[in-house]
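Contents: one structure, followed by commentary.
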Amino acid sequence: MNPADLSASVLAIVTSVLERRGSTGTLTVDDIPLERPRNRDHGDWASNIAMRLAKGLGVNPRELAEEFAAGLREADGVSDVEVAGPGFINIRLDAAAAGALAKIIVDKGAEYGRGSLYEGVTINLEFVSANPTGPIHIGGVRWAAVGDSLARIFQAEGGIVTREYYFNDHGAQIDRFARSLLASYLGEPTPEDGYGGEYISDIAARVVADYPGDLADIPTREEAQEVFRSVGVELMFGDIKKSLHDFGVDFDVYFHENELHETKAVDRALARLSELGAIYEKDGATWFESTKYGDDRDRVVIRSDGEAAYISGDLAYYLNKRERGFERNLIMLGADHHGYVRRLMAMTSAFGDTPEYNLEILIGQLVNLVRDGEPMRMSKRAGTVVVLEDLVEAVGVDAARYALVRSSSDSQVDIDLDLLQKKTNDNPVFYVQYAHARTRSVARNAAAAGVDRSAFDASLLTHETESILLGILAEFPRVVLQAAELREPHRVARYAEELAGAYHRWYDNCRVTPLGEEPVTDVHRTRLWLNDAAGQVLRNALGLLGVSAPERM
RNA sequence: GCGCCCGUAGCUCAGCGGAUAGAGCAAUUGACUACGGAUCAAUAGGCCGGGGGUUCAAAUCCCUCCGGGCGCACCA
């Protein structure tokens, strides 16, 4: 008996009661709310369906609930039903019906928890996309962790996901980067508005080493700068790829903005807008009339100096993604870019697509760097830039990813490296990982003691901690579904913590291997199934977060 | 001025209309000659920022005020 079966039973009963009352509306499983009550006294599952329907029918909710309850008491696997409070229906399952789940989970293995929300849907998830003018700093790391986890969650729901990194290799920032490299090479001071970090001199030195000839032979400063630009960007890009890879994040596509300009995709995008009548000229510039599509002001697409404005690249990039066949396109941006959302939605409408469906912008709040409880500004000059490698070095990949993915992207997070270095055990990731390691350890001990999974009798799983553990295991598929729908990977992390806690408490109360000379019974064998089911779900949940599930710690 | 996000236990945060608001850390007290004590049990700790409204039911939805963060370019 899993929640879906129970929902179906409840639906059947509700429908028959409604028919008897002459009600005409039709209900689906989605209309049957079923939750696991916080309080154990309220049963394994509870529904407020009677309260929802009572008003429309003009009856007392408790009375209606009693009618539903009477039918439910006859349902398979239900041991007890009671009506409580204003009209809640509290359902208790019999042990066998609840416990059957343990075997189902073990049999499904890594498949348990997967769903079909995005079955066959092509999804492009763009994240990080930091400019190749420096290493990934701590702001970008959050999106690496959250974005990769979200991609895994979409995949678990059947989505055909492409992880994409938009590589901004066109425009003024790259020029500044190239000038900075050249200046470093020539021993000049960092140019105004240039980049001055230590990595600049490192990259400059590597450009010199990589260059096949002698840089001193290059006749003009412009040509030398171009060498530093092209080689330097490649080097920087390689570094970024490597540090992301070491963080467990690999992109399927690294898209170069330059390509959009070189292939005239930008021109084609603007021509398309022009055909749609959404382009006009004013003050020597070319404008996109985005206010027609909900933006709060129109946007320049070609500046009066003839250069394409930044948004032009985005217009072309969006069309490119659509041409590549992506139904859903998501872009994760930091809160400092939220002002960009409306114009991108206007663009989506202008092209005849559906905002929030074909294109969705996920805004995440920023990461604050904190030292001794005091917020610090990240400054390349002051040497207070914290990069991905610093974070990983301080706490390791698992703890870093978990810490970043554990809280909602709607809240800002503080990162205090000193604190993380001192007290890594504060990170709940160890609690969860330990629970998993413990399931493996129990399995090893069971094997040594001659306990195997040759028998399974769910009716033996009668301890209170077993019924709680089973209830939590049953919820995993909906947690994944909800995390996907809401684009909130942190729900999976919180769930993993809850599961880990329930597992530890079960472990404390219910032994899998017999004590001393006690014989091995079916109780032990059945508990081994439950142990392995818990381990499987912990493994699946950690997998969605990109965090390892160790055999031992 | 306009827009987005946040305000919940000492700290970090969960809680997409449900019952007595939860977890981790920190504090106090207990539990191994029992499958790993990176664990468990217990105690303590809350005008859910303030005020109004909608609802059978509000931390959750709406309005408003206060406080904090971030944006409002022919920059990218």
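Numbering starts fresh at 1 for the residues of each chain in the structure tokens, the chains themselves are lettered A, B, ... in the order given, and ligands are numbered from 1 as they appear.
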
Check: If you count only C-alpha atoms (C1' of nucleotides), which residues fall within 12 Å of G68 (chain B), apart from same-chain ones fewer than 2 positions away, as a PyMOL selection string?
Finding: (chain A and resi 411-412) or (chain B and resi 5-7+49+66+70)

Would you write out those residues with N, CA and C atoms (P, O5', C5', C4', C3', O3' and C1' of nucleotides), as a tab-separated table (two decimals), in the first residue's frame?
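Heads up, here's the output in selection-v6.tsv:
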chain	number	residue	atom	x	y	z
A	411	SER	N	16.53	32.61	-0.03
A	411	SER	CA	17.18	33.32	1.08
A	411	SER	C	18.66	33.46	0.81
A	412	GLN	N	19.20	34.51	1.34
A	412	GLN	CA	20.64	34.69	1.22
A	412	GLN	C	21.32	33.69	2.14
B	5	C	P	9.09	38.24	-4.94
B	5	C	O5'	10.37	37.98	-4.04
B	5	C	C5'	11.26	36.92	-4.35
B	5	C	C4'	12.42	36.93	-3.40
B	5	C	C3'	12.07	36.87	-1.92
B	5	C	O3'	11.72	35.57	-1.49
B	5	C	C1'	13.71	38.52	-2.25
B	6	C	P	10.70	35.41	-0.28
B	6	C	O5'	11.59	35.85	0.98
B	6	C	C5'	12.70	35.07	1.38
B	6	C	C4'	13.50	35.80	2.43
B	6	C	C3'	12.79	36.09	3.74
B	6	C	O3'	12.76	34.96	4.58
B	6	C	C1'	13.93	38.03	3.03
B	7	G	P	11.56	34.81	5.62
B	7	G	O5'	11.96	35.84	6.76
B	7	G	C5'	13.22	35.73	7.41
B	7	G	C4'	13.34	36.81	8.46
B	7	G	C3'	12.31	36.72	9.57
B	7	G	O3'	12.91	37.07	10.82
B	7	G	C1'	12.15	38.83	8.49
B	49	G	P	7.40	36.89	11.35
B	49	G	O5'	7.52	38.25	12.18
B	49	G	C5'	8.50	38.39	13.20
B	49	G	C4'	8.54	39.84	13.63
B	49	G	C3'	7.17	40.52	13.70
B	49	G	O3'	6.51	40.27	14.92
B	49	G	C1'	8.66	41.86	12.45
B	66	C	P	7.10	52.79	6.38
B	66	C	O5'	7.81	51.89	7.48
B	66	C	C5'	7.84	52.28	8.84
B	66	C	C4'	8.52	51.23	9.69
B	66	C	C3'	9.89	50.77	9.19
B	66	C	O3'	10.93	51.67	9.53
B	66	C	C1'	8.61	48.88	9.77
B	70	C	P	23.20	45.02	-0.84
B	70	C	O5'	22.41	44.57	-2.13
B	70	C	C5'	22.68	43.31	-2.73
B	70	C	C4'	21.72	43.04	-3.85
B	70	C	C3'	21.65	44.11	-4.91
B	70	C	O3'	22.75	44.04	-5.80
B	70	C	C1'	19.47	43.42	-4.34

In region 154-365 of chain A, DSSP strand (DSSP E or B) residues written as a PDB file with C-alpha atoms, in the first residue's frame:
ATOM      1  CA  ILE A 160      15.758  15.195 -21.189  1.00  0.00           C
ATOM      2  CA  VAL A 161      18.075  17.716 -19.650  1.00  0.00           C
ATOM      3  CA  THR A 162      20.923  19.693 -21.138  1.00  0.00           C
ATOM      4  CA  ARG A 163      23.155  21.533 -18.696  1.00  0.00           C
ATOM      5  CA  GLU A 164      24.363  24.633 -20.428  1.00  0.00           C
ATOM      6  CA  TYR A 165      26.971  27.255 -19.674  1.00  0.00           C
ATOM      7  CA  TYR A 166      26.761  30.537 -21.601  1.00  0.00           C
ATOM      8  CA  PHE A 167      30.264  31.628 -22.215  1.00  0.00           C
ATOM      9  CA  VAL A 253      27.111  22.451 -23.705  1.00  0.00           C
ATOM     10  CA  TYR A 254      29.447  25.377 -23.306  1.00  0.00           C
ATOM     11  CA  PHE A 255      27.919  27.945 -25.595  1.00  0.00           C
ATOM     12  CA  HIS A 256      30.065  30.754 -26.922  1.00  0.00           C
ATOM     13  CA  ILE A 279      11.519  47.370 -33.724  1.00  0.00           C
ATOM     14  CA  TYR A 280      11.942  51.097 -34.222  1.00  0.00           C
ATOM     15  CA  GLU A 281      14.679  53.682 -34.611  1.00  0.00           C
ATOM     16  CA  LYS A 282      15.196  56.577 -32.229  1.00  0.00           C
ATOM     17  CA  ALA A 285      19.808  53.696 -31.993  1.00  0.00           C
ATOM     18  CA  THR A 286      17.617  50.681 -32.733  1.00  0.00           C
ATOM     19  CA  TRP A 287      15.036  49.781 -30.112  1.00  0.00           C
ATOM     20  CA  PHE A 288      12.973  46.738 -29.195  1.00  0.00           C
ATOM     21  CA  ARG A 299      15.298  48.394 -24.802  1.00  0.00           C
ATOM     22  CA  VAL A 300      18.120  49.418 -27.090  1.00  0.00           C
ATOM     23  CA  VAL A 301      19.291  46.530 -29.248  1.00  0.00           C
ATOM     24  CA  ILE A 302      21.731  48.370 -31.531  1.00  0.00           C
ATOM     25  CA  ALA A 308      24.916  45.317 -30.639  1.00  0.00           C
ATOM     26  CA  ARG A 328      11.595  24.361 -21.661  1.00  0.00           C
ATOM     27  CA  ASN A 329      14.413  26.800 -21.131  1.00  0.00           C
ATOM     28  CA  LEU A 330      15.473  27.771 -17.648  1.00  0.00           C
ATOM     29  CA  ILE A 331      18.118  30.267 -16.685  1.00  0.00           C
ATOM     30  CA  MET A 332      19.399  30.631 -13.167  1.00  0.00           C
ATOM     31  CA  LEU A 333      20.529  34.114 -12.257  1.00  0.00           C
ATOM     32  CA  GLY A 334      21.663  35.909  -9.147  1.00  0.00           C
ATOM     33  CA  PRO A 355       6.629  33.262 -20.790  1.00  0.00           C
ATOM     34  CA  LEU A 359      11.392  30.458 -20.774  1.00  0.00           C
ATOM     35  CA  GLU A 360      11.721  30.652 -17.050  1.00  0.00           C
ATOM     36  CA  ILE A 361      14.173  32.711 -15.054  1.00  0.00           C
ATOM     37  CA  LEU A 362      15.084  31.396 -11.639  1.00  0.00           C
ATOM     38  CA  ILE A 363      16.377  34.118  -9.390  1.00  0.00           C
ATOM     39  CA  GLY A 364      18.503  33.103  -6.452  1.00  0.00           C
TER      40      GLY A 364
END

If you take only C-alpha atoms (C1' of nucleotides) and a cut-off of 12 Å, which residues of chain B touch chain A, and what are their nearest atom pairs and distances in Å to one decimal, in chain and number order, as a Markdown table?
| residue | atom | partner | partner_atom | distance |
| --- | --- | --- | --- | --- |
| B:C2 | C1' | A:Asp296 | CA | 9.9 |
| B:G3 | C1' | A:Gly339 | CA | 7.7 |
| B:C4 | C1' | A:His338 | CA | 6.4 |
| B:C5 | C1' | A:Asp410 | CA | 6.1 |
| B:C6 | C1' | A:Ser411 | CA | 6.0 |
| B:G7 | C1' | A:Ser411 | CA | 10.5 |
| B:C11 | C1' | A:Gly373 | CA | 10.6 |
| B:U12 | C1' | A:Asp414 | CA | 9.0 |
| B:C13 | C1' | A:Ser407 | CA | 7.0 |
| B:A14 | C1' | A:Arg494 | CA | 7.2 |
| B:G15 | C1' | A:Arg491 | CA | 10.5 |
| B:C16 | C1' | A:Leu486 | CA | 8.0 |
| B:G17 | C1' | A:Arg52 | CA | 11.0 |
| B:G18 | C1' | A:Asn48 | CA | 7.7 |
| B:A19 | C1' | A:Gly85 | CA | 6.8 |
| B:U20 | C1' | A:Asn39 | CA | 8.7 |
| B:A21 | C1' | A:Arg38 | CA | 10.7 |
| B:G22 | C1' | A:Arg38 | CA | 9.3 |
| B:A23 | C1' | A:Glu498 | CA | 8.1 |
| B:G24 | C1' | A:Pro428 | CA | 6.7 |
| B:C25 | C1' | A:Asp426 | CA | 6.2 |
| B:A26 | C1' | A:Asp426 | CA | 10.7 |
| B:A31 | C1' | A:Asp508 | CA | 11.0 |
| B:C32 | C1' | A:Asp508 | CA | 11.5 |
| B:A34 | C1' | A:Leu515 | CA | 7.3 |
| B:C35 | C1' | A:Val442 | CA | 5.5 |
| B:G36 | C1' | A:Arg438 | CA | 7.2 |
| B:G37 | C1' | A:Asp508 | CA | 11.5 |
| B:A38 | C1' | A:Tyr434 | CA | 6.5 |
| B:U39 | C1' | A:His504 | CA | 6.9 |
| B:C40 | C1' | A:Asp508 | CA | 6.4 |
| B:A41 | C1' | A:Arg505 | CA | 9.9 |
| B:U55 | C1' | A:Arg52 | CA | 11.7 |
| B:C56 | C1' | A:Pro86 | CA | 7.7 |
| B:A57 | C1' | A:Pro86 | CA | 8.9 |
| B:G68 | C1' | A:Gln412 | CA | 11.1 |
| B:G69 | C1' | A:Gln412 | CA | 8.0 |
| B:C70 | C1' | A:Asp336 | CA | 5.5 |
| B:G71 | C1' | A:Gly339 | CA | 5.5 |
| B:C72 | C1' | A:Gly339 | CA | 6.6 |
| B:A73 | C1' | A:Val300 | CA | 9.5 |
| B:C74 | C1' | A:Arg303 | CA | 4.6 |
| B:C75 | C1' | A:Ala172 | CA | 8.4 |
| B:A76 | C1' | A:Tyr310 | CA | 6.4 |

Next item on the list: Measuring atom to atom with only C-alpha atoms, identify which of A:Arg453, A:Arg114, A:Arg62, A:Lys108 is nearest to Arg478 (chain A).
Entry: A:Arg114

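Counting from CA of Val492 (chain A), the distance to CA of Asn540 (chain A) is 9.9 Å.
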
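For the pair CA of Asp76 (chain A) and CA of Ile104 (chain A), the separation is 17.7 Å.
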
Check: Can you list every residue in region 14-106 of chain A that DSSP puts in helix (DSSP H, G or I), as a ChimeraX atom specification?
Finding: /A:14-20,29-31,40-42,49-57,61-72,95-106
